[in-house]
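Visitor: So that you have it, the file is query16.tsv, and it contains TSV, C-alpha atoms:
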```tsv
chain	number	residue	atom	x	y	z
A	19	ARG	CA	153.62	-200.67	14.21
A	20	VAL	CA	151.42	-198.32	12.18
A	21	VAL	CA	148.35	-200.47	12.88
A	22	ASP	CA	149.14	-200.56	16.61
A	23	LEU	CA	149.56	-196.78	16.68
A	24	VAL	CA	146.26	-196.21	14.83
A	25	LEU	CA	144.42	-198.52	17.21
A	26	PHE	CA	145.95	-196.71	20.19
A	27	MET	CA	144.84	-193.34	18.82
A	28	ARG	CA	141.33	-194.60	18.13
A	29	GLN	CA	140.90	-196.03	21.62
A	30	SER	CA	142.47	-193.11	23.49
A	31	MET	CA	140.64	-190.38	21.60
A	32	MET	CA	137.21	-192.00	21.91
A	33	LEU	CA	136.00	-190.03	18.89
A	34	PRO	CA	133.17	-190.93	16.50
A	35	VAL	CA	134.52	-192.90	13.54
A	36	GLN	CA	133.87	-190.06	11.07
A	37	VAL	CA	135.72	-187.50	13.18
A	38	PHE	CA	138.56	-189.92	13.87
A	39	CYS	CA	139.04	-190.54	10.16
A	40	VAL	CA	139.41	-186.80	9.55
A	41	VAL	CA	142.02	-186.54	12.31
A	42	LEU	CA	143.83	-189.63	11.03
A	43	LEU	CA	144.03	-188.39	7.45
A	44	SER	CA	145.34	-185.02	8.59
A	45	SER	CA	147.94	-186.81	10.71
A	46	LEU	CA	149.46	-189.02	8.00
A	47	PRO	CA	152.57	-186.82	7.53
A	48	GLN	CA	153.27	-187.06	11.24
A	49	LEU	CA	152.58	-190.82	11.35
A	50	THR	CA	154.97	-191.58	8.52
A	51	SER	CA	157.75	-189.50	10.00
A	52	ALA	CA	157.10	-190.54	13.58
A	53	PHE	CA	159.05	-193.78	13.33
A	54	SER	CA	162.33	-191.99	12.72
A	55	LEU	CA	162.04	-190.68	16.30
A	56	PRO	CA	161.56	-192.51	19.62
A	57	GLN	CA	157.80	-192.60	20.21
A	58	PHE	CA	155.61	-193.28	23.24
A	59	CYS	CA	158.45	-193.14	25.72
A	60	GLY	CA	159.70	-190.47	28.08
A	61	HIS	CA	162.57	-188.56	26.53
A	62	VAL	CA	164.64	-185.44	26.94
A	63	SER	CA	163.48	-182.66	24.64
A	64	THR	CA	165.28	-182.65	21.27
A	65	SER	CA	164.59	-178.99	20.61
A	66	LEU	CA	166.48	-177.53	17.68
A	67	GLN	CA	168.11	-174.84	19.86
A	68	MET	CA	171.34	-176.81	20.35
A	69	SER	CA	174.16	-174.32	20.67
A	70	SER	CA	177.12	-173.46	22.82
A	71	THR	CA	174.71	-171.74	25.22
A	72	THR	CA	172.70	-174.94	25.57
A	73	GLN	CA	175.87	-176.96	26.21
A	74	GLN	CA	177.04	-174.45	28.81
A	75	MET	CA	173.68	-174.60	30.58
A	76	ASP	CA	173.80	-178.39	30.60
A	77	LYS	CA	177.25	-178.24	32.18
A	78	ALA	CA	176.09	-175.72	34.79
A	79	LYS	CA	173.07	-177.86	35.69
A	80	SER	CA	175.29	-180.94	36.00
A	81	LEU	CA	177.62	-179.07	38.38
A	82	ILE	CA	174.62	-177.88	40.40
A	83	SER	CA	173.32	-181.44	40.68
A	84	ASN	CA	176.71	-182.57	41.95
A	85	ALA	CA	176.87	-179.70	44.46
A	86	ILE	CA	173.42	-180.50	45.85
A	87	SER	CA	174.34	-184.19	46.18
A	88	ILE	CA	177.18	-183.09	48.47
A	89	GLY	CA	175.72	-180.00	50.12
A	90	ALA	CA	172.26	-181.28	51.01
A	91	PRO	CA	173.51	-184.29	53.04
A	92	ALA	CA	176.02	-182.03	54.78
A	93	TYR	CA	173.24	-179.57	55.67
A	94	ASN	CA	170.97	-182.34	56.94
A	95	ALA	CA	173.83	-183.71	59.06
A	96	GLY	CA	174.24	-180.31	60.71
A	97	ASP	CA	177.35	-179.19	58.81
A	98	ILE	CA	175.68	-176.09	57.38
A	99	SER	CA	178.94	-174.20	56.82
A	100	GLU	CA	180.22	-177.05	54.61
A	101	CYS	CA	177.00	-176.92	52.57
A	102	ALA	CA	177.38	-173.16	52.10
A	103	ARG	CA	181.02	-173.59	51.10
A	104	VAL	CA	180.22	-176.20	48.45
A	105	TYR	CA	177.39	-174.10	47.06
A	106	LYS	CA	179.52	-170.96	46.86
A	107	GLU	CA	182.40	-172.76	45.13
A	108	THR	CA	179.95	-174.16	42.57
A	109	ALA	CA	178.39	-170.73	42.06
A	110	LEU	CA	181.79	-169.26	41.28
A	111	GLU	CA	182.48	-172.09	38.84
A	112	ILE	CA	179.23	-171.85	36.88
A	113	ALA	CA	178.65	-168.08	36.78
A	114	SER	CA	180.45	-167.60	33.47
A	115	LEU	CA	178.43	-170.42	31.87
A	116	LEU	CA	175.06	-168.74	32.40
A	117	PRO	CA	172.98	-166.33	30.30
A	118	GLN	CA	173.40	-162.75	31.48
A	119	ASN	CA	170.13	-162.55	33.42
A	120	LEU	CA	170.94	-165.67	35.45
A	121	GLN	CA	174.56	-164.63	35.85
A	122	ASN	CA	173.51	-161.28	37.34
A	123	GLY	CA	171.35	-162.94	39.99
A	124	LEU	CA	174.01	-165.47	40.94
A	125	GLU	CA	176.78	-162.88	41.13
A	126	ALA	CA	174.61	-160.70	43.38
A	127	THR	CA	174.21	-163.67	45.73
A	128	ILE	CA	177.96	-164.32	45.66
A	129	ALA	CA	178.70	-160.68	46.54
A	130	ALA	CA	176.00	-160.39	49.21
A	131	LYS	CA	176.84	-160.23	52.93
A	132	HIS	CA	174.93	-163.08	54.55
A	133	GLU	CA	174.10	-163.14	58.25
A	134	ASP	CA	175.19	-166.75	58.66
A	135	SER	CA	175.92	-169.98	56.77
A	136	ASN	CA	172.27	-171.01	56.87
A	137	GLU	CA	171.13	-167.87	55.07
A	138	GLU	CA	174.00	-168.21	52.60
A	139	ALA	CA	173.23	-171.85	51.82
A	140	TRP	CA	169.56	-171.15	51.19
A	141	ALA	CA	170.33	-168.10	49.06
A	142	PHE	CA	172.51	-170.20	46.75
A	143	ARG	CA	169.99	-173.05	46.73
A	144	GLN	CA	167.25	-170.68	45.53
A	145	GLN	CA	169.54	-169.46	42.75
A	146	PHE	CA	170.37	-173.05	41.80
A	147	ASP	CA	166.70	-174.01	41.63
A	148	SER	CA	165.98	-171.08	39.30
A	149	ILE	CA	168.89	-172.07	37.05
A	150	VAL	CA	167.80	-175.70	36.88
A	151	GLU	CA	164.24	-174.65	35.94
A	152	TYR	CA	165.43	-172.19	33.29
A	153	GLN	CA	164.81	-173.02	29.65
A	154	ILE	CA	166.71	-171.25	26.89
A	155	PRO	CA	164.13	-169.26	24.92
A	156	PHE	CA	163.60	-168.93	21.20
A	157	MET	CA	164.55	-165.36	20.26
A	158	PRO	CA	164.30	-163.20	17.12
A	159	GLU	CA	166.46	-165.01	14.61
A	160	THR	CA	166.12	-167.44	11.77
A	161	ASP	CA	164.48	-170.81	12.35
A	162	PRO	CA	167.26	-172.91	13.95
A	163	SER	CA	166.52	-175.73	11.48
A	164	GLU	CA	167.34	-173.47	8.52
A	165	SER	CA	170.45	-171.58	7.49
A	166	SER	CA	170.42	-167.81	7.94
A	167	SER	CA	170.27	-167.37	4.17
A	168	ASP	CA	166.87	-169.09	4.15
A	169	LYS	CA	165.27	-166.53	6.45
A	170	THR	CA	163.89	-164.44	3.60
A	171	LYS	CA	162.28	-167.53	2.05
A	172	PHE	CA	159.71	-167.86	4.81
A	173	THR	CA	156.11	-167.04	3.97
A	174	LEU	CA	154.23	-165.60	6.93
A	175	GLU	CA	150.55	-166.45	7.33
A	176	LYS	CA	149.14	-164.10	9.94
A	177	PHE	CA	146.52	-165.40	12.36
A	178	THR	CA	143.04	-164.05	11.58
A	179	ASP	CA	139.85	-164.08	13.63
A	180	LYS	CA	138.70	-167.01	11.50
A	181	MET	CA	141.74	-169.03	12.61
A	182	ILE	CA	142.01	-167.79	16.20
A	183	PRO	CA	139.01	-166.43	18.19
A	184	SER	CA	139.39	-162.80	19.22
A	185	GLU	CA	138.79	-163.47	22.93
A	186	PRO	CA	140.81	-166.06	24.88
A	187	LEU	CA	139.97	-167.89	28.09
A	188	ILE	CA	142.04	-166.63	31.04
A	189	VAL	CA	143.58	-169.46	33.09
A	190	ASN	CA	145.56	-168.41	36.16
A	191	ASP	CA	147.07	-170.28	39.08
A	192	ASN	CA	143.90	-169.66	41.11
A	193	VAL	CA	142.71	-173.01	39.74
A	194	MET	CA	145.25	-174.42	42.24
A	195	GLY	CA	144.85	-171.83	45.00
A	196	GLY	CA	147.18	-169.13	43.67
A	197	VAL	CA	146.42	-165.42	43.39
A	198	SER	CA	148.12	-164.40	40.13
A	199	GLN	CA	146.14	-162.19	37.75
A	200	GLY	CA	146.11	-161.64	34.01
A	201	GLN	CA	144.03	-159.92	31.36
A	202	TRP	CA	143.87	-159.67	27.58
A	203	MET	CA	143.41	-156.26	25.98
A	204	ALA	CA	142.07	-157.24	22.57
A	205	ASP	CA	142.30	-153.81	20.91
A	206	SER	CA	146.03	-153.45	21.60
A	207	LYS	CA	146.75	-157.20	21.74
A	208	ILE	CA	148.42	-156.87	25.12
A	209	PHE	CA	148.62	-159.63	27.72
A	210	ARG	CA	149.32	-158.08	31.09
A	211	GLY	CA	149.05	-159.03	34.72
A	212	ASN	CA	150.87	-159.95	37.91
A	213	THR	CA	152.26	-163.35	38.85
A	214	SER	CA	152.46	-164.14	42.55
A	215	LEU	CA	154.30	-166.89	44.39
A	216	ALA	CA	151.66	-166.85	47.15
A	217	ASN	CA	150.08	-170.25	47.89
A	218	ASN	CA	152.72	-171.93	45.73
A	219	GLY	CA	151.38	-170.20	42.61
A	220	GLY	CA	153.16	-168.25	39.91
A	221	PHE	CA	151.50	-168.24	36.48
A	222	SER	CA	148.93	-166.52	34.33
A	223	SER	CA	147.87	-167.68	30.88
A	224	LEU	CA	145.57	-167.11	27.93
A	225	ARG	CA	143.99	-169.97	25.95
A	226	TRP	CA	142.41	-169.57	22.52
A	227	ARG	CA	140.11	-172.54	21.91
A	228	LEU	CA	139.79	-173.10	18.16
A	229	ASN	CA	136.29	-173.46	16.72
A	230	THR	CA	137.27	-176.52	14.69
A	231	ILE	CA	140.20	-178.94	14.57
A	232	GLN	CA	142.79	-177.26	12.37
A	233	ASN	CA	145.33	-178.87	10.07
A	234	TRP	CA	148.61	-176.94	10.17
A	235	SER	CA	150.70	-179.69	8.60
A	236	TYR	CA	151.51	-177.43	5.64
A	237	ALA	CA	153.43	-175.02	7.91
A	238	LYS	CA	156.90	-175.22	9.47
A	239	GLY	CA	155.98	-173.59	12.75
A	240	ILE	CA	154.66	-170.52	14.55
A	241	TYR	CA	156.14	-167.03	14.40
A	242	LEU	CA	155.65	-164.11	16.79
A	243	LYS	CA	156.53	-160.44	16.69
A	244	VAL	CA	156.45	-159.27	20.30
A	245	LYS	CA	157.61	-156.63	22.74
A	246	HIS	CA	157.53	-157.25	26.46
A	247	SER	CA	158.38	-156.01	29.93
A	248	ASN	CA	161.79	-156.46	31.58
A	249	PRO	CA	163.47	-157.73	28.39
A	250	ASP	CA	166.63	-159.00	30.09
A	251	VAL	CA	164.72	-161.24	32.50
A	252	HIS	CA	161.20	-162.04	31.34
A	253	THR	CA	160.55	-165.05	29.14
A	254	PHE	CA	157.13	-166.33	28.08
A	255	ARG	CA	155.68	-169.62	26.88
A	256	ILE	CA	153.59	-170.49	23.87
A	257	ILE	CA	151.17	-173.37	24.41
A	258	LEU	CA	149.80	-175.77	21.80
A	259	LYS	CA	147.24	-178.55	22.19
A	260	ASP	CA	146.42	-181.28	19.70
A	261	MET	CA	143.74	-183.95	19.91
A	262	THR	CA	145.98	-186.26	21.92
A	263	CYS	CA	146.14	-183.60	24.66
A	264	GLU	CA	142.35	-183.68	24.85
A	265	GLN	CA	142.51	-187.12	26.45
A	266	VAL	CA	144.55	-185.98	29.48
A	267	ARG	CA	143.39	-183.11	31.69
A	268	GLY	CA	145.88	-180.24	31.58
A	269	ALA	CA	148.10	-181.82	28.93
A	270	ASN	CA	149.79	-179.63	26.32
A	271	PHE	CA	153.04	-178.77	24.55
A	272	LYS	CA	155.08	-175.67	25.46
A	273	ASN	CA	158.10	-173.71	24.27
A	274	VAL	CA	159.79	-170.63	25.69
A	275	PHE	CA	160.38	-167.38	23.82
A	276	SER	CA	161.61	-163.85	24.52
A	277	ASN	CA	162.75	-160.70	22.77
A	278	PRO	CA	165.61	-159.36	24.92
A	279	SER	CA	166.75	-156.85	22.30
A	280	GLN	CA	163.17	-155.65	21.63
A	281	THR	CA	163.76	-155.97	17.90
A	282	ASP	CA	160.97	-155.89	15.31
A	283	GLU	CA	162.16	-159.19	13.84
A	284	PRO	CA	159.94	-162.27	14.24
A	285	ILE	CA	160.62	-165.20	16.54
A	286	PHE	CA	160.41	-168.53	14.70
A	287	ILE	CA	159.43	-171.62	16.70
A	288	PRO	CA	159.42	-174.82	14.58
A	289	PHE	CA	156.77	-177.44	15.23
A	290	GLN	CA	159.55	-180.02	15.65
A	291	ALA	CA	160.50	-178.27	18.89
A	292	PHE	CA	157.13	-179.25	20.41
A	293	ASP	CA	158.41	-182.75	21.06
A	294	GLN	CA	157.44	-183.31	24.70
A	295	ILE	CA	153.86	-183.56	25.91
A	296	GLU	CA	153.45	-182.43	29.53
A	297	GLN	CA	150.85	-182.01	32.23
A	298	MET	CA	151.20	-179.06	34.62
A	299	GLY	CA	154.97	-179.06	34.16
A	300	ARG	CA	155.38	-182.84	34.42
A	301	THR	CA	156.56	-184.70	31.32
A	302	LEU	CA	154.34	-187.48	30.00
A	303	SER	CA	154.95	-190.44	27.72
A	304	GLY	CA	153.36	-189.80	24.36
A	305	PRO	CA	153.77	-188.74	20.74
A	306	VAL	CA	155.20	-185.46	19.50
A	307	PHE	CA	152.88	-182.59	18.64
A	308	ASN	CA	150.45	-183.41	15.81
A	309	ARG	CA	150.29	-180.27	13.69
A	310	GLY	CA	147.50	-181.88	11.67
A	311	ALA	CA	145.00	-181.82	14.55
A	312	VAL	CA	145.40	-178.52	16.43
A	313	ILE	CA	142.65	-177.53	18.87
A	314	GLU	CA	144.13	-174.81	21.15
A	315	VAL	CA	146.80	-172.09	21.25
A	316	GLY	CA	147.91	-170.20	24.33
A	317	LEU	CA	150.39	-167.82	25.97
A	318	MET	CA	151.78	-168.02	29.49
A	319	ALA	CA	153.74	-165.89	31.95
A	320	ILE	CA	155.24	-168.09	34.65
A	321	LYS	CA	157.86	-168.21	37.39
A	322	PRO	CA	160.80	-168.21	37.80
A	323	THR	CA	161.49	-165.68	35.02
A	324	VAL	CA	158.24	-163.75	35.46
A	325	VAL	CA	157.43	-162.82	39.04
A	326	GLY	CA	155.38	-159.69	39.65
A	327	GLU	CA	154.01	-157.34	37.02
A	328	PHE	CA	154.42	-158.24	33.35
A	329	GLN	CA	153.27	-157.14	29.90
A	330	LEU	CA	153.49	-158.93	26.57
A	331	GLN	CA	152.37	-157.18	23.38
A	332	ILE	CA	151.65	-159.39	20.38
A	333	GLU	CA	152.30	-157.15	17.41
A	334	GLU	CA	151.73	-160.07	15.04
A	335	TRP	CA	151.67	-163.85	15.11
A	336	GLY	CA	150.77	-166.74	12.88
A	337	LEU	CA	152.24	-169.62	10.89
A	338	TYR	CA	155.39	-169.60	8.77
A	339	LEU	CA	155.77	-171.71	5.68
```
Take the structure in the file and give it back as structure tokens.

Guide:
Amino acid sequence: RVVDLVLFMRQSMMLPVQVFCVVLLSSLPQLTSAFSLPQFCGHVSTSLQMSSTTQQMDKAKSLISNAISIGAPAYNAGDISECARVYKETALEIASLLPQNLQNGLEATIAAKHEDSNEEAWAFRQQFDSIVEYQIPFMPETDPSESSSDKTKFTLEKFTDKMIPSEPLIVNDNVMGGVSQGQWMADSKIFRGNTSLANNGGFSSLRWRLNTIQNWSYAKGIYLKVKHSNPDVHTFRIILKDMTCEQVRGANFKNVFSNPSQTDEPIFIPFQAFDQIEQMGRTLSGPVFNRGAVIEVGLMAIKPTVVGEFQLQIEEWGLYL
């Protein structure tokens, strides 16, 4: 299996032999541990954020799926009032299972006076879609893979200009016809802009292309100390690309983070949580993130949690050991 995997990497990367050997050697820790996990197959993310909140969200999403399987056929058959009834009953059932920001939006829809059943059904459906898309963010706390007593044992290695270029590439949804805007203010390390849903858009991002392939296999993950706009609602994404991502246009690994309490404590995101390669939001079959062959780091503001003006200040970020 190791030989097959090496041959696959060699063929898919299409790198000169010398360069491939460097990438392979840096990847040995990941190759040896890879076979304890399901590889090269589509899978549900095994992020280390498992908690009661995660379980409650899973239950809410399951109830939403069931409601749509009943409500959508009823709507399409012309029984719009039945669709609205099913959606409202489900909304009442799941409200207490949701994080506060999602709960507030759903409760506002429940309390709203709708003109008719059609408006009511669509209002709930929009709320349901936002809930289904929502990902629980990493927040300021200890690395979920460690006990709280181990928090002080982390060594923080701050990103420098030698590790990360000072100026990122700005990638917005205008590459697909959107009109969102974003900018990076290097002096204050602020990412700010405006995401727009026009033309089916809704994201703005920054991408730092590394000068050389970097081996981060000695580290546990990435940490961030941030402050941002609309703390109760806004969440942001950190983007990582390894050499495998280079073979598929738009492929990368993402995780969500936020600082709702605006604390000065760091957010720890373990590399193990980057377990699902994706392309423009669609999951792909492939290996987990290879921390031994890192080529790009990025930040993203994206719908549904960030719509309109936003600001994210990076007070400090880097690797934790």

Visitor: Just the number, please: distance in Å from CA of Ala237 in chain A to CA of Leu337 in chain A, one decimal.

Guide: 6.3 Å

Visitor: When distances are computed from all atoms listed in the file, which of A:Glu151, A:Glu100, A:Glu111, A:Asp76 shows the smallest separation from Val274 in chain A?

Guide: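 Closest to Val274 in chain A of all the choices is A:Glu151.
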
Visitor: Which residues come within 6 Å of range 170-184 of chain A, counting only C-alpha atoms, excluding same-chain residues fewer than 2 positions away, as number ranges by chain?

Guide: A: 168, 335-339

Visitor: Show me, as a list in words, the residues that have an atom within 10 Å of Asn217 in chain A when counting all atoms listed in the file, minus same-chain residues fewer than 5 positions from it.

Guide: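 After dropping sequence-adjacent residues, the list is Asp191, Asn192, Met194, Gly195, Gly196, Val197 and Ser198 of chain A.
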
Visitor: Of the candidates A:Gln199, A:Ser70, A:Thr108, A:Asn119, which one gets nearest to Ile88 in chain A if we count only C-alpha atoms?

Guide: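 Counting only C-alpha atoms, the residue closest to Ile88 in chain A is A:Thr108.
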
Visitor: Can you measure CA of Cys101 in chain A to CA of Pro322 in chain A for me? One decimal in Å is fine.

Guide: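 Interatomic distance, CA of Cys101 in chain A to CA of Pro322 in chain A: 23.6 Å.
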
Visitor: Tell me which protein, DNA and RNA residues are within 6 Å of Ile257 in chain A, counting only C-alpha atoms, leaving out same-chain ones fewer than 2 positions away, and put them as a PyMOL selection string.

Guide: chain A and resi 271-272+315-317

Visitor: Looking at only C-alpha atoms, which of A:Glu138, A:Asp205, A:Asp260, A:Asp282 is the one that sits closest to Phe307 in chain A?

Guide: A:Asp260
